[in-house]
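Colleague: Just input-v3.txt, nothing more (compact mmCIF, C-alpha atoms):
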```txt
# COMPACT_ATOMS: atom_id res chain seq x y z
CA MET A 1 -105.17 5.05 188.86
CA SER A 2 -102.99 5.07 185.74
CA TRP A 3 -103.87 6.95 182.57
CA ALA A 4 -104.77 3.75 180.67
CA PRO A 5 -107.54 2.58 183.05
CA ALA A 6 -108.76 6.19 183.33
CA PHE A 7 -108.91 6.52 179.53
CA LEU A 8 -110.67 3.18 179.17
CA SER A 9 -113.24 4.12 181.80
CA ASN A 10 -114.41 7.12 179.76
CA PRO A 11 -116.21 5.93 176.60
CA GLU A 12 -117.09 9.47 175.52
CA ARG A 13 -113.43 10.49 175.54
CA PHE A 14 -112.54 7.37 173.58
CA MET A 15 -115.31 7.94 171.02
CA ALA A 16 -114.14 11.50 170.44
CA PHE A 17 -110.53 10.35 170.00
CA SER A 18 -111.34 7.41 167.72
CA ARG A 19 -113.58 9.50 165.47
CA TRP A 20 -110.52 11.19 163.93
CA ALA A 21 -107.81 8.66 164.83
CA ALA A 22 -109.34 5.72 162.93
CA PRO A 23 -109.34 7.40 159.49
CA MET A 24 -105.92 8.92 160.18
CA PHE A 25 -104.42 5.49 160.87
CA GLY A 26 -106.22 4.12 157.81
CA LEU A 27 -104.68 6.72 155.51
CA LEU A 28 -101.27 6.16 157.06
CA ALA A 29 -101.63 2.41 156.52
CA ALA A 30 -102.51 2.89 152.85
CA ALA A 31 -99.48 5.15 152.27
CA LEU A 32 -97.06 2.83 154.05
CA ALA A 33 -98.46 -0.27 152.35
CA GLY A 34 -98.17 1.37 148.94
CA ALA A 35 -94.54 2.27 149.55
CA GLY A 36 -93.70 -1.12 151.05
CA LEU A 37 -95.35 -3.11 148.26
CA TRP A 38 -93.70 -0.97 145.57
CA LEU A 39 -90.26 -1.56 147.09
CA GLY A 40 -91.04 -5.22 147.67
CA PHE A 41 -92.12 -6.00 144.12
CA HIS A 42 -89.13 -4.12 142.73
CA ALA A 43 -86.68 -5.97 144.98
CA PRO A 44 -84.31 -8.28 143.05
CA PRO A 45 -84.51 -12.07 143.47
CA ASP A 46 -82.55 -13.46 146.43
CA TYR A 47 -79.53 -15.59 145.57
CA GLN A 48 -81.00 -18.53 147.54
CA GLN A 49 -84.76 -17.94 147.62
CA GLY A 50 -85.23 -16.35 144.23
CA LEU A 51 -88.53 -14.49 143.81
CA THR A 52 -89.92 -16.49 146.76
CA VAL A 53 -88.26 -13.93 149.04
CA ARG A 54 -91.11 -11.53 148.25
CA ILE A 55 -93.49 -13.70 150.26
CA MET A 56 -91.46 -12.76 153.32
CA PHE A 57 -92.48 -9.11 152.92
CA ILE A 58 -96.03 -10.19 153.83
CA HIS A 59 -95.22 -13.15 156.05
CA ILE A 60 -92.85 -11.48 158.53
CA PRO A 61 -95.09 -8.47 159.33
CA SER A 62 -98.12 -10.77 159.62
CA ALA A 63 -96.28 -13.07 162.03
CA TRP A 64 -95.17 -10.15 164.17
CA MET A 65 -98.68 -8.71 164.17
CA SER A 66 -100.22 -12.03 165.21
CA MET A 67 -98.24 -11.83 168.46
CA PHE A 68 -98.61 -8.06 168.91
CA VAL A 69 -102.39 -8.21 168.60
CA TYR A 70 -102.57 -11.06 171.11
CA ALA A 71 -100.54 -8.95 173.53
CA CYS A 72 -103.09 -6.15 173.02
CA LEU A 73 -105.92 -8.63 173.57
CA ALA A 74 -104.34 -9.90 176.76
CA GLY A 75 -103.57 -6.38 178.03
CA ALA A 76 -107.14 -5.23 177.45
CA SER A 77 -108.42 -8.42 179.08
CA PHE A 78 -106.25 -7.78 182.14
CA LEU A 79 -107.63 -4.24 182.49
CA ALA A 80 -111.18 -5.51 182.05
CA LEU A 81 -110.68 -8.25 184.63
CA ILE A 82 -108.93 -6.11 187.26
CA PHE A 83 -110.53 -2.69 186.78
CA ARG A 84 -113.91 -3.88 185.40
CA HIS A 85 -113.80 -1.33 182.58
CA VAL A 86 -116.41 -2.14 179.96
CA LEU A 87 -114.45 -0.33 177.24
CA ALA A 88 -111.38 -2.48 177.93
CA ASP A 89 -113.51 -5.58 177.47
CA ALA A 90 -114.87 -4.16 174.23
CA ALA A 91 -111.28 -3.56 173.09
CA ALA A 92 -110.35 -7.17 173.84
CA GLN A 93 -113.39 -8.51 172.03
CA ALA A 94 -112.71 -6.27 169.03
CA ALA A 95 -109.06 -7.34 168.75
CA ALA A 96 -109.63 -11.10 168.56
CA PRO A 97 -110.90 -11.42 164.94
CA LEU A 98 -108.18 -9.06 163.72
CA GLY A 99 -105.50 -11.12 165.45
CA ALA A 100 -106.95 -14.31 164.02
CA GLY A 101 -106.75 -12.77 160.54
CA PHE A 102 -103.10 -11.81 160.91
CA THR A 103 -102.25 -15.25 162.30
CA LEU A 104 -104.02 -17.04 159.45
CA LEU A 105 -102.22 -14.82 156.94
CA ALA A 106 -98.89 -15.66 158.59
CA LEU A 107 -99.61 -19.39 158.41
CA VAL A 108 -100.78 -19.29 154.79
CA THR A 109 -97.86 -17.18 153.54
CA GLY A 110 -95.44 -19.28 155.57
CA SER A 111 -96.81 -22.43 153.93
CA LEU A 112 -96.52 -20.89 150.46
CA TRP A 113 -92.90 -20.02 151.21
CA GLY A 114 -92.20 -23.42 152.74
CA ARG A 115 -93.28 -25.46 149.72
CA PRO A 116 -90.46 -24.35 147.40
CA MET A 117 -87.89 -23.88 150.18
CA TRP A 118 -88.56 -26.95 152.36
CA GLY A 119 -90.35 -29.15 149.86
CA THR A 120 -93.54 -29.20 151.94
CA PHE A 121 -96.33 -26.83 152.93
CA TRP A 122 -96.23 -27.86 156.58
CA VAL A 123 -93.97 -29.43 159.19
CA TRP A 124 -94.89 -30.00 162.82
CA ASP A 125 -91.96 -28.11 164.25
CA ALA A 126 -92.02 -25.86 167.30
CA ARG A 127 -92.47 -22.50 165.54
CA LEU A 128 -95.24 -23.54 163.16
CA THR A 129 -97.08 -25.56 165.79
CA SER A 130 -96.98 -22.77 168.39
CA VAL A 131 -98.31 -20.26 165.82
CA LEU A 132 -101.10 -22.72 164.99
CA VAL A 133 -101.86 -22.88 168.73
CA LEU A 134 -102.05 -19.08 168.69
CA LEU A 135 -104.67 -19.22 165.95
CA LEU A 136 -106.63 -21.79 167.97
CA LEU A 137 -106.46 -19.49 171.02
CA TYR A 138 -107.98 -16.67 168.98
CA VAL A 139 -110.71 -18.98 167.67
CA ALA A 140 -111.38 -20.35 171.17
CA TYR A 141 -111.69 -16.83 172.58
CA ILE A 142 -114.14 -15.80 169.85
CA ALA A 143 -116.16 -18.99 170.27
CA LEU A 144 -116.25 -18.67 174.07
CA ARG A 145 -117.50 -15.08 173.89
CA ALA A 146 -120.19 -16.12 171.41
CA ALA A 147 -121.28 -19.16 173.42
CA LEU A 148 -122.15 -17.27 176.63
CA ASP A 149 -125.24 -15.08 176.65
CA ASP A 150 -124.36 -13.34 179.91
CA GLU A 151 -122.07 -10.43 178.93
CA GLN A 152 -120.28 -10.31 182.28
CA LYS A 153 -119.65 -14.05 182.44
CA ALA A 154 -118.44 -14.03 178.83
CA ALA A 155 -116.08 -11.14 179.56
CA ARG A 156 -114.61 -12.84 182.62
CA ALA A 157 -114.22 -16.24 180.94
CA GLY A 158 -112.70 -14.67 177.84
CA ALA A 159 -110.26 -12.59 179.88
CA ILE A 160 -109.05 -15.63 181.82
CA LEU A 161 -108.56 -17.61 178.60
CA ALA A 162 -106.67 -14.71 177.00
CA LEU A 163 -104.35 -14.33 179.99
CA VAL A 164 -103.64 -18.06 180.19
CA GLY A 165 -102.79 -18.03 176.49
CA VAL A 166 -100.05 -15.42 177.02
CA VAL A 167 -97.69 -18.27 177.93
CA ASN A 168 -97.66 -19.19 174.23
CA LEU A 169 -96.07 -15.89 173.16
CA PRO A 170 -92.57 -16.56 174.56
CA ILE A 171 -92.82 -20.11 173.23
CA ILE A 172 -93.38 -18.73 169.72
CA HIS A 173 -90.59 -16.19 170.06
CA PHE A 174 -87.92 -18.50 171.50
CA SER A 175 -88.99 -21.74 169.79
CA VAL A 176 -86.20 -21.54 167.19
CA ASP A 177 -83.65 -21.24 170.00
CA TRP A 178 -85.09 -23.85 172.36
CA TRP A 179 -85.77 -26.64 169.84
CA ASN A 180 -84.48 -27.92 166.52
CA THR A 181 -86.62 -26.41 163.77
CA LEU A 182 -86.60 -25.84 160.04
CA HIS A 183 -87.74 -22.29 160.64
CA GLN A 184 -84.99 -19.73 160.30
CA GLY A 185 -83.94 -17.62 163.28
CA ALA A 186 -84.26 -13.88 163.67
CA SER A 187 -83.00 -11.92 160.69
CA VAL A 188 -84.43 -8.40 161.11
CA PHE A 189 -83.96 -7.57 164.79
CA LYS A 190 -81.05 -9.47 166.28
CA LYS A 191 -77.83 -8.87 168.12
CA GLY A 192 -75.28 -7.30 165.84
CA GLY A 193 -77.89 -5.81 163.50
CA SER A 194 -80.12 -7.11 160.75
CA SER A 195 -78.77 -9.74 158.38
CA LEU A 196 -81.13 -8.55 155.63
CA ALA A 197 -79.82 -6.39 152.84
CA PRO A 198 -81.45 -2.93 152.78
CA VAL A 199 -83.35 -3.83 149.60
CA TYR A 200 -85.19 -6.52 151.61
CA TYR A 201 -85.09 -4.82 155.01
CA TRP A 202 -87.09 -1.71 154.13
CA PRO A 203 -90.09 -3.46 152.54
CA VAL A 204 -90.41 -5.55 155.72
CA ILE A 205 -90.22 -2.48 157.97
CA LEU A 206 -92.64 -0.38 155.89
CA LEU A 207 -95.19 -3.19 155.62
CA THR A 208 -94.89 -3.88 159.35
CA LEU A 209 -95.70 -0.23 160.05
CA ALA A 210 -98.55 -0.45 157.50
CA TRP A 211 -99.97 -3.55 159.21
CA MET A 212 -99.74 -1.83 162.61
CA SER A 213 -101.49 1.28 161.31
CA ALA A 214 -104.18 -0.82 159.63
CA PHE A 215 -104.71 -2.72 162.86
CA GLY A 216 -104.96 0.54 164.78
CA SER A 217 -107.60 1.85 162.39
CA LEU A 218 -109.65 -1.35 162.27
CA TRP A 219 -109.36 -1.88 166.02
CA LEU A 220 -110.72 1.58 166.75
CA VAL A 221 -113.55 1.08 164.27
CA ARG A 222 -114.45 -2.29 165.78
CA ILE A 223 -114.35 -0.91 169.33
CA ARG A 224 -116.65 1.92 168.27
CA GLY A 225 -119.03 -0.62 166.78
CA GLU A 226 -118.95 -2.66 169.98
CA VAL A 227 -119.69 0.44 172.05
CA TRP A 228 -122.68 1.30 169.86
CA ARG A 229 -123.92 -2.31 170.04
CA ARG A 230 -123.78 -2.36 173.82
CA ARG A 231 -125.51 1.00 174.03
CA ALA A 232 -128.26 -0.29 171.75
CA ASP A 233 -128.66 -3.43 173.87
CA ALA A 234 -128.85 -1.33 177.04
CA ALA A 235 -131.44 0.97 175.45
CA ALA A 236 -133.51 -2.03 174.33
CA LEU A 237 -133.45 -3.42 177.88
CA ARG A 238 -134.60 -0.08 179.32
CA VAL A 239 -137.49 0.01 176.87
CA ALA A 240 -138.40 -3.60 177.62
CA TYR A 241 -138.54 -3.02 181.38
CA SER A 242 -140.14 0.44 181.26
```
Give the structure from this file in structure tokens form.
Modeller:
Amino acid sequence: MSWAPAFLSNPERFMAFSRWAAPMFGLLAAALAGAGLWLGFHAPPDYQQGLTVRIMFIHIPSAWMSMFVYACLAGASFLALIFRHVLADAAAQAAAPLGAGFTLLALVTGSLWGRPMWGTFWVWDARLTSVLVLLLLYVAYIALRAALDDEQKAARAGAILALVGVVNLPIIHFSVDWWNTLHQGASVFKKGGSSLAPVYYWPVILLTLAWMSAFGSLWLVRIRGEVWRRRADAAALRVAYS
């Protein structure tokens, strides 16, 4: 048995770890976000995008996080489905609203950037549509979990949905290469190095690290809350049947 399933099968070990890790990640997120936002708002206007380029400092990290969180959701769902670890299921359930938030932020900031650059808030191209599908997958997962009263059935159904939805991640990533799209291609991580000037590159990197740290903190907090909720439900059932 690998370390991940073993860790996720021991709630007490996780609770001890998350007790100090969650605030640590939160403080790290605040520091990185402060530095990233300071650099971002002091960055000069782009020769093509003008001040609109500053939207990208929020949009790019949010778009990356929307996919990263779904990968975490799917990974936790896989462990819950295969190894039947309750903590892995709690991790999957806790990740979904956070991923939906990042995805919505990516869509909103992308639309705000698109209006002055493309002349419209929205186009039904491959990248935007596949990210919208990602948001709908998050919403469907949350709704499915809420609709089923049986915890085990909800966990299994949610895990299957999450794993099926993984097929959308490569579609999002490669959509600008596979189909004609208004959306620009990779500019930060690409063959030959980033095409962004350092004055734009570092705000994106720092805010990406800030978003990841914030997700780590909030994810741990939400998992802890889910563990306490399930313990309370189990205690209430014991009292009811005693």
Colleague: With a distance cut-off of 12 Å and only C-alpha atoms, select the neighbouring residues of stretch 203-208 of chain A, excluding the residue or stretch itself and same-chain residues fewer than 6 positions from it, and output the selection as an NGL selection string.
Modeller: :A and (28-43 or 53-66 or 68 or 102 or 187-189 or 194 or 196-197 or 214-215)
Colleague: Here is a test: counting all atoms listed in the file, which residue of A:Pro45, A:Trp124, A:Glu151, A:Ala76 is nearest to A:Ala234?
Modeller: A:Glu151
Colleague: Rank nothing, just name the residue among A:Ala154, A:Leu51, A:Leu128, A:Ala95 nearest to A:Arg222, using all atoms listed in the file.
Modeller: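 The answer is A:Ala95, which sits nearest to A:Arg222.
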Colleague: Kindly provide the residues of stretch 107-225 of chain A that approach stretch 17-27 of chain A to within 7 Å, each paired with its closest atom pair and their distance in Å to one decimal, based on all atoms listed in the file, listed by chain and increasing number, as a tab-separated table.
Modeller:
```
residue	atom	partner	partner_atom	distance
A:Ser213	CA	A:Phe25	CA	5.1
A:Ala214	CA	A:Gly26	CA	5.6
A:Gly216	CA	A:Phe25	CA	6.3
A:Ser217	CA	A:Ala22	CA	4.3
A:Leu220	CA	A:Ala22	CA	5.8
A:Val221	CA	A:Ala22	CA	6.4
```
Colleague: Between atom CA of A:Tyr70 and atom CA of A:Tyr138, measure the distance and give it in Å to one decimal.
Modeller: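 Going from atom CA of A:Tyr70 over to atom CA of A:Tyr138, I get 8.1 Å.
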Colleague: Please measure the separation of atom CA of A:Ala106 and atom CA of A:Val131, giving the value in Å to one decimal.
Modeller: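 Separation of atom CA of A:Ala106 and atom CA of A:Val131: 8.6 Å.
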Colleague: Just checking: using only C-alpha atoms, which residue out of A:Ala126, A:Ile160, A:Leu148, A:Leu132 ends up closest to A:Asp177?
Modeller: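 The shortest atom-to-atom distance to A:Asp177 comes from A:Ala126.
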Colleague: For A:Asn10, which residue among A:Leu79, A:Leu87, A:Ile142, A:His173 is the nearest when counting only C-alpha atoms?
Modeller: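 Smallest separation from A:Asn10 among the options: A:Leu87.
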Colleague: As an exercise, work out the distance from atom CA of A:Gly119 to atom CA of A:Phe174 in Å and give it to one decimal place.
Modeller: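 Value for the atom CA of A:Gly119-atom CA of A:Phe174 distance: 24.2 Å.
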Colleague: Give the answer as one residue: which of A:Leu161, A:Ile172, A:Met212, A:Leu98 has the shortest atom-to-atom distance to A:Ser77, using all atoms listed in the file?
Modeller: A:Leu161
Colleague: Which residue out of A:Val86, A:Ala91, A:Tyr201, A:Leu135 has the minimum interatomic distance to A:Leu107 when only C-alpha atoms are used?
Modeller: A:Leu135
Colleague: Name all residues at most 8 Å from A:Leu134 (count only C-alpha atoms; drop same-chain ones fewer than 6 positions away) and give them as a list of chain:residue names.
Modeller: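 So, after excluding close chain neighbours, the residues are A:Thr103, A:Gly165, A:Asn168.
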Colleague: Skip A:Ala94 itself and residues of its chain fewer than 5 positions away, then list as a PyMOL selection string all residues within 8 Å of it, counting only C-alpha atoms.
Modeller: chain A and resi 219+222-223+226
